[in-house]
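Structure file target.csv; described as CSV, C-alpha atoms.
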chain,number,residue,atom,x,y,z
U,1,MET,CA,112.4,124.6,106.1
U,2,VAL,CA,109.6,122.7,107.9
U,3,LEU,CA,106.5,123.8,109.7
U,4,GLY,CA,106.4,123.7,113.5
U,5,CYS,CA,103.9,124.6,116.2
U,6,VAL,CA,105.8,126.9,118.5
U,7,ILE,CA,104.7,128.5,121.8
U,8,HIS,CA,106.3,131.9,122.3
U,9,GLY,CA,104.5,132.8,125.5
U,10,GLN,CA,101.1,132.8,127.1
U,11,ASP,CA,98.4,132.9,124.4
U,12,ASP,CA,101.1,133.3,121.7
U,13,LEU,CA,101.0,130.1,119.6
U,14,ARG,CA,102.5,130.4,116.1
U,15,ILE,CA,103.1,128.2,113.1
U,16,ASP,CA,106.7,128.9,112.4
U,17,GLU,CA,109.1,127.8,109.7
U,18,LEU,CA,111.9,125.8,111.3
U,19,PRO,CA,115.2,124.6,109.9
U,20,GLU,CA,115.3,121.1,108.3
U,21,PRO,CA,116.7,118.9,111.1
U,22,SER,CA,120.0,117.2,110.5
U,23,PRO,CA,120.7,114.1,112.7
U,24,ALA,CA,123.6,114.3,115.1
U,25,PRO,CA,125.5,111.0,115.9
U,26,GLY,CA,123.1,108.6,117.5
U,27,GLN,CA,120.0,110.4,116.2
U,28,ALA,CA,117.2,109.6,113.8
U,29,VAL,CA,115.1,111.9,111.7
U,30,VAL,CA,111.4,111.2,111.7
U,31,ALA,CA,108.7,112.7,109.4
U,32,ILE,CA,105.9,113.4,111.9
U,33,ARG,CA,102.4,112.6,110.7
U,34,TYR,CA,100.2,113.0,113.8
U,35,GLY,CA,100.7,114.8,117.1
U,36,GLY,CA,98.2,114.6,120.0
U,37,ILE,CA,97.4,117.8,121.9
U,38,CYS,CA,98.0,117.1,125.6
U,39,GLY,CA,96.8,118.9,128.7
U,40,SER,CA,100.3,120.2,129.2
U,41,ASP,CA,100.4,121.7,125.7
U,42,LEU,CA,97.1,123.5,126.6
U,43,HIS,CA,98.6,124.8,129.8
U,44,TYR,CA,101.7,126.2,128.1
U,45,HIS,CA,99.3,127.9,125.6
U,46,ARG,CA,96.8,129.3,128.1
U,47,HIS,CA,99.1,129.9,131.1
U,48,GLY,CA,102.6,130.1,129.9
U,49,GLY,CA,103.6,127.1,131.9
U,50,VAL,CA,102.5,123.8,133.4
U,51,GLY,CA,102.7,123.1,137.1
U,52,ASP,CA,106.0,124.7,138.3
U,53,PHE,CA,107.5,124.7,134.8
U,54,ARG,CA,107.4,128.1,133.2
U,55,LEU,CA,108.3,129.2,129.6
U,56,THR,CA,111.3,131.4,129.3
U,57,GLU,CA,112.0,131.0,125.6
U,58,PRO,CA,110.1,129.9,122.5
U,59,MET,CA,109.5,126.1,122.4
U,60,VAL,CA,108.1,123.6,119.9
U,61,LEU,CA,105.2,121.9,121.7
U,62,GLY,CA,104.2,118.3,121.6
U,63,HIS,CA,105.3,114.9,122.9
U,64,GLU,CA,102.6,112.6,121.6
U,65,VAL,CA,104.0,112.1,118.1
U,66,VAL,CA,104.1,109.3,115.5
U,67,GLY,CA,105.5,109.3,111.9
U,68,THR,CA,107.9,107.4,109.6
U,69,VAL,CA,111.6,107.0,109.7
U,70,VAL,CA,113.6,109.3,107.3
U,71,GLY,CA,117.2,108.4,108.1
U,72,TYR,CA,119.9,108.2,110.7
U,73,GLY,CA,123.0,110.0,111.9
U,74,GLU,CA,126.4,108.6,112.3
U,75,GLY,CA,126.5,105.5,114.5
U,76,ALA,CA,122.7,105.2,114.7
U,77,SER,CA,120.5,102.4,113.6
U,78,GLY,CA,116.9,101.3,114.0
U,79,PRO,CA,113.8,100.6,111.9
U,80,ALA,CA,114.4,101.0,108.2
U,81,PRO,CA,113.6,104.3,106.5
U,82,GLY,CA,109.9,104.4,105.7
U,83,THR,CA,108.9,102.3,108.8
U,84,PRO,CA,106.0,103.7,110.8
U,85,VAL,CA,107.1,104.5,114.3
U,86,ALA,CA,106.0,106.0,117.6
U,87,VAL,CA,108.4,108.3,119.4
U,88,HIS,CA,109.0,107.6,123.1
U,89,PRO,CA,109.3,111.2,124.4
U,90,ALA,CA,111.7,110.7,127.3
U,91,THR,CA,115.5,110.4,127.3
U,92,PRO,CA,116.5,109.5,130.9
U,93,CYS,CA,120.1,110.1,132.0
U,94,GLY,CA,120.7,106.4,132.9
U,95,GLU,CA,123.1,107.4,135.7
U,96,CYS,CA,121.1,108.9,138.6
U,97,PRO,CA,119.9,106.9,141.6
U,98,GLU,CA,116.3,106.7,140.2
U,99,CYS,CA,117.5,105.3,136.9
U,100,ALA,CA,119.7,102.8,138.7
U,101,ASP,CA,116.6,101.8,140.7
U,102,GLY,CA,114.6,101.1,137.6
U,103,ARG,CA,112.5,104.3,138.0
U,104,ALA,CA,113.6,106.2,134.9
U,105,ASN,CA,110.2,108.0,134.7
U,106,VAL,CA,111.3,110.1,137.7
U,107,CYS,CA,114.9,110.6,136.5
U,108,ARG,CA,116.3,113.8,138.0
U,109,ASP,CA,118.0,114.7,134.7
U,110,THR,CA,115.7,113.5,132.0
U,111,ARG,CA,114.9,115.2,128.7
U,112,TYR,CA,111.3,115.2,127.7
U,113,LEU,CA,110.0,116.4,124.3
U,114,GLY,CA,108.2,119.8,124.6
U,115,SER,CA,109.1,120.4,128.2
U,116,ALA,CA,110.1,123.7,129.9
U,117,ALA,CA,111.3,121.8,133.0
U,118,ARG,CA,114.9,122.8,132.1
U,119,THR,CA,116.6,125.6,130.3
U,120,PRO,CA,117.3,125.6,127.4
U,121,HIS,CA,113.9,124.0,127.0
U,122,VAL,CA,113.6,120.6,125.3
U,123,GLN,CA,112.0,121.3,121.9
U,124,GLY,CA,109.0,119.1,121.2
U,125,GLY,CA,107.7,117.0,118.4
U,126,PHE,CA,105.1,119.3,116.8
U,127,ALA,CA,107.1,119.8,113.6
U,128,ALA,CA,107.0,118.1,110.1
U,129,ARG,CA,110.4,116.6,110.8
U,130,ILE,CA,112.3,116.1,114.0
U,131,ALA,CA,115.6,114.6,115.1
U,132,VAL,CA,115.6,112.4,118.2
U,133,PRO,CA,117.8,109.8,119.7
U,134,ALA,CA,117.3,106.6,117.6
U,135,ALA,CA,116.7,104.6,120.8
U,136,GLN,CA,113.4,106.5,121.2
U,137,LEU,CA,111.9,105.0,118.1
U,138,ARG,CA,109.3,102.1,118.4
U,139,PRO,CA,108.1,100.4,115.3
U,140,LEU,CA,104.3,99.9,115.3
U,141,PRO,CA,102.9,96.4,116.0
U,142,GLU,CA,101.1,94.7,113.2
U,143,GLY,CA,97.5,96.0,112.9
U,144,LEU,CA,98.2,99.4,114.4
U,145,ASP,CA,98.1,102.4,112.2
U,146,LEU,CA,99.7,105.8,112.8
U,147,ARG,CA,96.4,107.6,113.7
U,148,ARG,CA,95.5,105.2,116.6
U,149,ALA,CA,99.2,104.9,117.6
U,150,ALA,CA,99.1,108.6,118.5
U,151,LEU,CA,97.4,107.6,121.7
U,152,ALA,CA,100.4,105.6,122.9
U,153,GLU,CA,101.9,108.3,125.1
U,154,PRO,CA,98.8,109.1,127.1
U,155,LEU,CA,97.8,105.5,127.3
U,156,SER,CA,101.3,104.8,128.8
U,157,VAL,CA,100.6,107.4,131.5
U,158,GLY,CA,97.4,105.5,132.3
U,159,LEU,CA,99.2,102.1,132.3
U,160,HIS,CA,101.8,103.5,134.7
U,161,ALA,CA,99.1,104.9,137.1
U,162,VAL,CA,97.3,101.5,137.1
U,163,ARG,CA,100.6,99.7,137.9
U,164,ARG,CA,101.2,102.1,140.8
U,165,ALA,CA,97.8,101.1,142.1
U,166,GLY,CA,98.8,97.4,142.4
U,167,ASP,CA,96.8,94.3,141.4
U,168,LEU,CA,93.4,95.3,140.1
U,169,THR,CA,92.1,91.9,139.4
U,170,GLY,CA,88.4,91.7,140.4
U,171,ARG,CA,88.7,95.2,142.1
U,172,HIS,CA,86.3,98.2,142.0
U,173,VAL,CA,88.2,101.2,140.6
U,174,LEU,CA,87.1,104.8,140.9
U,175,VAL,CA,88.5,107.3,138.3
U,176,THR,CA,87.9,111.0,138.9
U,177,GLY,CA,88.2,113.0,135.7
U,178,ALA,CA,87.2,111.8,132.2
U,179,GLY,CA,89.6,113.8,130.1
U,180,PRO,CA,91.8,111.9,127.6
U,181,ILE,CA,94.1,110.6,130.4
U,182,GLY,CA,91.2,109.5,132.6
U,183,CYS,CA,89.5,107.7,129.7
U,184,LEU,CA,92.8,105.9,129.0
U,185,VAL,CA,93.2,105.0,132.6
U,186,VAL,CA,89.8,103.3,132.2
U,187,ALA,CA,91.2,101.3,129.3
U,188,ALA,CA,94.3,100.4,131.3
U,189,ALA,CA,92.3,99.4,134.3
U,190,ARG,CA,90.0,97.2,132.2
U,191,ALA,CA,93.1,95.5,130.6
U,192,ALA,CA,94.4,94.9,134.2
U,193,GLY,CA,91.3,92.9,135.2
U,194,ALA,CA,89.3,95.5,137.1
U,195,ALA,CA,85.7,94.1,137.7
U,196,LYS,CA,84.1,97.5,138.1
U,197,ILE,CA,85.2,101.0,136.9
U,198,THR,CA,83.3,104.0,138.0
U,199,VAL,CA,84.2,107.4,136.4
U,200,THR,CA,83.2,110.8,137.6
U,201,ASP,CA,83.2,114.1,135.7
U,202,LEU,CA,81.3,117.3,135.5
U,203,LEU,CA,80.6,117.0,131.7
U,204,PRO,CA,78.1,114.6,130.1
U,205,ARG,CA,80.2,114.4,126.9
U,206,ALA,CA,83.3,113.5,128.8
U,207,LEU,CA,81.4,110.7,130.6
U,208,GLU,CA,80.3,109.4,127.2
U,209,PHE,CA,83.9,109.0,126.2
U,210,ALA,CA,84.6,107.3,129.5
U,211,ALA,CA,81.8,104.8,128.8
U,212,SER,CA,83.2,104.1,125.3
U,213,ALA,CA,86.6,103.4,126.9
U,214,GLY,CA,85.1,100.7,129.1
U,215,ALA,CA,83.7,102.4,132.2
U,216,THR,CA,81.0,100.3,133.9
U,217,ALA,CA,79.4,103.3,135.6
U,218,VAL,CA,79.6,107.1,135.0
U,219,VAL,CA,78.7,109.7,137.5
U,220,ARG,CA,78.1,113.5,137.5
U,221,ALA,CA,80.6,114.7,140.0
U,222,ASP,CA,78.4,117.6,141.0
U,223,ASP,CA,75.3,115.6,141.6
U,224,PRO,CA,75.3,113.8,145.0
U,225,ALA,CA,72.0,112.2,144.1
U,226,ASP,CA,73.3,110.6,140.9
U,227,PRO,CA,72.2,106.9,141.2
U,228,ASN,CA,75.5,105.7,139.7
U,229,TRP,CA,77.5,106.7,142.8
U,230,PRO,CA,78.9,103.4,144.2
U,231,ASP,CA,76.8,101.9,147.0
U,232,ASP,CA,80.0,100.5,148.6
U,233,GLU,CA,83.5,101.8,149.1
U,234,VAL,CA,85.9,101.3,146.2
U,235,ASP,CA,89.1,99.3,146.4
U,236,VAL,CA,91.3,101.7,144.3
U,237,ALA,CA,90.9,105.3,143.3
U,238,ILE,CA,92.9,107.1,140.6
U,239,GLU,CA,92.6,110.9,140.6
U,240,ALA,CA,92.9,112.1,137.0
U,241,SER,CA,91.2,115.5,137.1
U,242,GLY,CA,94.1,117.5,138.6
U,243,VAL,CA,91.8,119.3,141.0
U,244,ALA,CA,91.7,119.1,144.8
U,245,ALA,CA,88.0,118.2,144.7
U,246,GLY,CA,88.8,115.1,142.8
U,247,LEU,CA,91.4,114.0,145.4
U,248,ASP,CA,88.9,114.7,148.1
U,249,THR,CA,86.3,112.4,146.4
U,250,CYS,CA,88.9,109.7,146.1
U,251,LEU,CA,89.9,109.9,149.8
U,252,ARG,CA,86.2,109.8,150.9
U,253,ARG,CA,85.1,107.0,148.7
U,254,ILE,CA,88.1,104.6,149.1
U,255,ARG,CA,87.8,101.7,151.6
U,256,ARG,CA,89.9,101.5,154.7
U,257,GLY,CA,93.4,100.5,153.7
U,258,GLY,CA,92.7,101.2,150.1
U,259,VAL,CA,95.1,102.8,147.5
U,260,VAL,CA,94.7,106.3,146.0
U,261,VAL,CA,96.9,107.2,143.1
U,262,GLN,CA,97.3,110.9,142.3
U,263,LEU,CA,97.8,111.2,138.6
U,264,GLY,CA,96.4,114.6,137.7
U,265,MET,CA,98.9,117.5,138.0
U,266,LEU,CA,97.4,119.7,140.7
U,267,PRO,CA,97.7,123.5,140.4
U,268,PRO,CA,101.0,125.1,141.6
U,269,GLY,CA,101.3,125.8,145.3
U,270,GLU,CA,99.5,124.1,148.1
U,271,SER,CA,96.4,122.0,147.7
U,272,PRO,CA,94.2,121.1,150.7
U,273,PHE,CA,93.2,117.5,151.2
U,274,ALA,CA,91.6,115.3,153.9
U,275,GLY,CA,94.9,114.3,155.4
U,276,ASN,CA,93.4,112.9,158.6
U,277,LEU,CA,91.7,110.1,156.6
U,278,LEU,CA,95.2,108.9,155.5
U,279,VAL,CA,95.9,108.3,159.2
U,280,SER,CA,92.6,107.0,160.6
U,281,GLN,CA,91.9,104.7,157.7
U,282,GLU,CA,95.4,103.8,156.7
U,283,ILE,CA,94.9,104.9,153.1
U,284,GLU,CA,97.9,104.7,150.9
U,285,LEU,CA,98.4,107.8,148.7
U,286,ARG,CA,100.8,107.3,145.8
U,287,GLY,CA,101.9,109.6,143.0
U,288,ALA,CA,102.2,108.6,139.4
U,289,PHE,CA,104.4,110.5,137.0
U,290,ARG,CA,104.8,109.8,133.3
U,291,PHE,CA,106.0,106.3,132.4
U,292,HIS,CA,108.9,104.3,131.1
U,293,ALA,CA,108.6,100.7,129.8
U,294,GLU,CA,104.8,101.0,129.6
U,295,PHE,CA,105.2,102.7,126.2
U,296,ASP,CA,105.8,99.4,124.5
U,297,ASP,CA,102.8,97.8,126.4
U,298,ALA,CA,100.6,100.7,125.2
U,299,LEU,CA,101.4,100.1,121.6
U,300,ARG,CA,100.5,96.4,122.0
U,301,LEU,CA,97.3,97.3,123.7
U,302,LEU,CA,96.3,99.8,121.1
U,303,ALA,CA,96.9,97.2,118.4
U,304,ALA,CA,94.6,94.8,120.3
U,305,GLU,CA,91.9,97.4,121.0
U,306,PRO,CA,90.9,99.2,117.8
U,307,ALA,CA,87.8,100.6,119.6
U,308,LEU,CA,90.1,103.0,121.5
U,309,GLU,CA,90.2,105.1,118.3
U,310,SER,CA,86.8,106.4,119.3
U,311,LEU,CA,88.6,108.7,121.8
U,312,ILE,CA,90.1,110.6,118.9
U,313,SER,CA,87.4,113.2,118.3
U,314,ALA,CA,89.1,115.3,115.6
U,315,VAL,CA,92.2,115.6,113.4
U,316,ARG,CA,93.2,119.1,112.1
U,317,PRO,CA,96.0,120.2,109.8
U,318,VAL,CA,98.9,121.9,111.5
U,319,ARG,CA,98.0,125.3,109.9
U,320,GLU,CA,94.7,125.1,111.9
U,321,ALA,CA,96.5,124.6,115.2
U,322,ALA,CA,94.8,127.6,116.8
U,323,ASP,CA,91.4,126.1,116.2
U,324,ALA,CA,92.6,122.6,117.1
U,325,PHE,CA,93.9,123.9,120.5
U,326,ALA,CA,90.5,125.6,121.1
U,327,LEU,CA,88.7,122.4,120.4
U,328,ALA,CA,91.0,120.3,122.6
U,329,ALA,CA,90.4,122.8,125.4
U,330,ASP,CA,86.6,122.4,125.1
U,331,ARG,CA,86.0,119.1,126.9
U,332,GLY,CA,82.3,119.5,126.3
U,333,ARG,CA,83.0,118.8,122.6
U,334,SER,CA,86.2,116.7,122.4
U,335,CYS,CA,88.4,114.1,124.0
U,336,LYS,CA,91.7,113.7,122.0
U,337,VAL,CA,92.5,116.1,119.2
U,338,LEU,CA,95.3,115.4,116.8
U,339,LEU,CA,97.4,117.7,114.6
U,340,ASP,CA,98.1,116.4,111.1
U,341,PHE,CA,101.6,117.3,109.8
U,342,GLY,CA,101.2,115.3,106.6
U,343,ALA,CA,98.2,117.2,105.3
U,344,GLU,CA,100.3,119.9,103.5
As structure tokens:
Amino acid sequence: MVLGCVIHGQDDLRIDELPEPSPAPGQAVVAIRYGGICGSDLHYHRHGGVGDFRLTEPMVLGHEVVGTVVGYGEGASGPAPGTPVAVHPATPCGECPECADGRANVCRDTRYLGSAARTPHVQGGFAARIAVPAAQLRPLPEGLDLRRAALAEPLSVGLHAVRRAGDLTGRHVLVTGAGPIGCLVVAAARAAGAAKITVTDLLPRALEFAASAGATAVVRADDPADPNWPDDEVDVAIEASGVAAGLDTCLRRIRRGGVVVQLGMLPPGESPFAGNLLVSQEIELRGAFRFHAEFDDALRLLAAEPALESLISAVRPVREAADAFALAADRGRSCKVLLDFGAE
């Protein structure tokens, strides 16, 4: 048996003993070392769902996982046993129109670790050992350790959002929301050549993390007199807070003909926004959902940018998952919190 972090319903998070996984044909078994607690994991815990995806059965949480290869099932191959790897959390179908169009991140029949988007739910990676398709394993680049590699999944999300925005070379980018994803959007925008990156948030500690990720200016979102608000209109805005007020800020601060990328998952149902501005100023509003090939780019960027480890504010053993989730939910104290499955 192995330990796993399982959500049974709203506010019902348990550390359960799970069967030792046996790899099916084409699969690999990975001994998980670290798992990053994501906003979606927090939503499953606090609300019993995320967006329109609701829990209907117990589910192992987690999709930001790294570890070492244990072995392979029939017909599978990949990095040698003992190799440190990151696990790409998505298994697109490869057959739908979106996959054929090179947009596997919006595959209509994908499987994503720790997701209740389908039933039976796709069990996640928060367990001491997991079995996954061998094609999802990525050996770590030289110079990248497992702890920092745990940021690969959320950094991939940031990289995809930046690519949805277009060429950022020499541009002024506004990022609303300085949670872990927003901070990694900053890192991605900086790597893409942005000249200025302004970040807004309500919490001073969150803005400190954004500055450490490379923001050139940070702004208290609830203070219209904050001197760091841009004097001019920004070229690109990326909404990473997941609240309608953040989207409104993006639409009102963007230049005419500019691009706004909605990355944060808004609450279920309808969200009001200043739609007339899209028309009168020809603003382009684009969605960004997950990622695909950016995962490999994220690993390379993490290897090249060891300072990004400063976004990891705490590591807790899996048996302390309840405390770890509480800390991860407190954005006044933390950015990215990791669970350690090798601390037993």
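Nearest-residue note for Glu98 of chain U: choosing from U:Leu299, U:Ser40, U:Arg190, U:Thr110, the minimum distance belongs to U:Thr110, counting only C-alpha atoms.
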Segment 139-144 of chain U: which residues within 10 Å, counting only C-alpha atoms, same-chain residues fewer than 6 positions away excluded, as a list in words?
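Counting only the stated atoms, we get Val66, Gly67, Thr68, Val69, Gly78, Pro79, Ala80, Thr83, Pro84, Val85, Ala86, Val87, Asp296, Leu299, Arg300, Leu301, Leu302, Ala303, Ala304, Glu305 and Pro306 of chain U.
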Polymer residues at most 9 Å from (95.5, 107.5, 114.8) by only C-alpha atoms, as a list in words
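Residues with an atom close enough to that point: Tyr34, Val66, Leu144, Asp145, Leu146, Arg147, Arg148, Ala149, Ala150, Leu151, Glu309, Ile312, Val315 and Leu338 of chain U.
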Contacts of Gly170 of chain U at 9 Å (all atoms listed in the file; same-chain gap of 3+ positions) as a PyMOL selection string
chain U and resi 167+193-196
Nearby residues (all atoms listed in the file) at most 9 Å from segment 273-276 of chain U, same-chain spacing under 4 positions excluded, as a PyMOL selection string
chain U and resi 244-245+247-248+251-252+280-281
Pull the neighbourhood of (85.5, 110.8, 131.9) for me: all residues within 8 Å in file coordinates, counting all atoms listed in the file, as JSON, numbers by chain.
{"U": [175, 176, 177, 178, 179, 180, 182, 183, 199, 200, 201, 203, 206, 207, 208, 209, 210, 211, 218]}
Top pick for closest residue to Ala240 of chain U, considering U:Ala131, U:Ala90, U:Gly158, U:Met1 and counting only C-alpha atoms:
U:Gly158
Pick from U:Arg316, U:Arg220, U:His88, U:His43 nearest to Gly125 of chain U, counting all atoms listed in the file
U:His88
Give me, as an MDAnalysis selection string, all polymer residues having an atom no more than 8 Å from Leu285 of chain U, counting all atoms listed in the file and skipping those fewer than 2 positions away in the same chain.
chainID U and resid 259:262 278 283 287
Using only C-alpha atoms: which of U:Gly75, U:Gly4, U:Gly82, U:Pro97 has the shortest distance to Leu61 of chain U
U:Gly4
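Residues in contact range of Gly102 of chain U, defined as at most 10 Å between all atoms listed in the file, with sequence neighbours fewer than 5 positions away removed, read Gly94, Pro97, Cys107, His292 and Ala293 of chain U.
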Could you save those same residues with C-alpha atoms as a compact mmCIF listing (two decimals), in the coordinates of the input?
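After the write, again.txt holds the following:
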# COMPACT_ATOMS: atom_id res chain seq x y z
CA GLY U 94 120.70 106.40 132.90
CA PRO U 97 119.90 106.90 141.60
CA CYS U 107 114.90 110.60 136.50
CA HIS U 292 108.90 104.30 131.10
CA ALA U 293 108.60 100.70 129.80
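Take the candidates U:Val70, U:Cys96, U:Cys38, U:Ala127 and check each one against Leu18 of chain U using only C-alpha atoms; the shortest distance goes to U:Ala127.
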If I only have part of segment 107-123 of chain U, can you fill in N, CA, C and O atoms and write it as an mmCIF file, keeping the file's coordinate frame?
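Produced file selection_3.cif, reproduced below:
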data_model
loop_
_atom_site.group_PDB
_atom_site.id
_atom_site.type_symbol
_atom_site.label_atom_id
_atom_site.label_comp_id
_atom_site.auth_asym_id
_atom_site.auth_seq_id
_atom_site.Cartn_x
_atom_site.Cartn_y
_atom_site.Cartn_z
ATOM 1 N N CYS U 107 113.502 110.162 136.650
ATOM 2 C CA CYS U 107 114.900 110.600 136.500
ATOM 3 C C CYS U 107 115.066 112.038 136.778
ATOM 4 O O CYS U 107 114.307 112.873 136.285
ATOM 5 N N ARG U 108 116.075 112.376 137.564
ATOM 6 C CA ARG U 108 116.300 113.800 138.000
ATOM 7 C C ARG U 108 116.923 114.617 136.873
ATOM 8 O O ARG U 108 117.041 115.832 137.014
ATOM 9 N N ASP U 109 117.371 113.984 135.775
ATOM 10 C CA ASP U 109 118.000 114.700 134.700
ATOM 11 C C ASP U 109 117.505 114.294 133.340
ATOM 12 O O ASP U 109 118.242 114.261 132.364
ATOM 13 N N THR U 110 116.226 113.931 133.276
ATOM 14 C CA THR U 110 115.700 113.500 132.000
ATOM 15 C C THR U 110 115.432 114.625 131.047
ATOM 16 O O THR U 110 115.307 115.795 131.457
ATOM 17 N N ARG U 111 115.353 114.287 129.786
ATOM 18 C CA ARG U 111 114.900 115.200 128.700
ATOM 19 C C ARG U 111 113.621 114.691 128.179
ATOM 20 O O ARG U 111 113.525 113.504 127.833
ATOM 21 N N TYR U 112 112.607 115.567 128.096
ATOM 22 C CA TYR U 112 111.300 115.200 127.700
ATOM 23 C C TYR U 112 110.808 116.103 126.590
ATOM 24 O O TYR U 112 110.862 117.329 126.756
ATOM 25 N N LEU U 113 110.370 115.556 125.468
ATOM 26 C CA LEU U 113 110.000 116.400 124.300
ATOM 27 C C LEU U 113 108.949 117.448 124.756
ATOM 28 O O LEU U 113 107.967 117.144 125.431
ATOM 29 N N GLY U 114 109.174 118.680 124.331
ATOM 30 C CA GLY U 114 108.200 119.800 124.600
ATOM 31 C C GLY U 114 108.045 120.107 126.022
ATOM 32 O O GLY U 114 106.930 120.370 126.474
ATOM 33 N N SER U 115 109.154 120.166 126.764
ATOM 34 C CA SER U 115 109.100 120.400 128.200
ATOM 35 C C SER U 115 109.949 121.653 128.560
ATOM 36 O O SER U 115 111.104 121.761 128.128
ATOM 37 N N ALA U 116 109.389 122.539 129.399
ATOM 38 C CA ALA U 116 110.100 123.700 129.900
ATOM 39 C C ALA U 116 110.701 123.435 131.286
ATOM 40 O O ALA U 116 111.059 124.368 132.003
ATOM 41 N N ALA U 117 110.826 122.150 131.653
ATOM 42 C CA ALA U 117 111.300 121.800 133.000
ATOM 43 C C ALA U 117 112.817 122.180 133.131
ATOM 44 O O ALA U 117 113.321 122.282 134.246
ATOM 45 N N ARG U 118 113.494 122.376 132.015
ATOM 46 C CA ARG U 118 114.900 122.800 132.100
ATOM 47 C C ARG U 118 115.138 123.858 131.020
ATOM 48 O O ARG U 118 114.339 124.053 130.108
ATOM 49 N N THR U 119 116.236 124.574 131.186
ATOM 50 C CA THR U 119 116.600 125.600 130.300
ATOM 51 C C THR U 119 118.024 125.400 129.773
ATOM 52 O O THR U 119 118.913 125.199 130.602
ATOM 53 N N PRO U 120 118.268 125.402 128.451
ATOM 54 C CA PRO U 120 117.300 125.600 127.400
ATOM 55 C C PRO U 120 116.190 124.518 127.432
ATOM 56 O O PRO U 120 116.440 123.387 127.833
ATOM 57 N N HIS U 121 114.983 124.913 126.998
ATOM 58 C CA HIS U 121 113.900 124.000 127.000
ATOM 59 C C HIS U 121 114.159 122.842 125.983
ATOM 60 O O HIS U 121 114.919 123.015 125.023
ATOM 61 N N VAL U 122 113.532 121.699 126.228
ATOM 62 C CA VAL U 122 113.600 120.600 125.300
ATOM 63 C C VAL U 122 112.547 120.793 124.223
ATOM 64 O O VAL U 122 111.353 120.776 124.526
ATOM 65 N N GLN U 123 112.973 121.009 122.995
ATOM 66 C CA GLN U 123 112.000 121.300 121.900
ATOM 67 C C GLN U 123 111.203 120.002 121.644
ATOM 68 O O GLN U 123 111.684 118.872 121.758
#
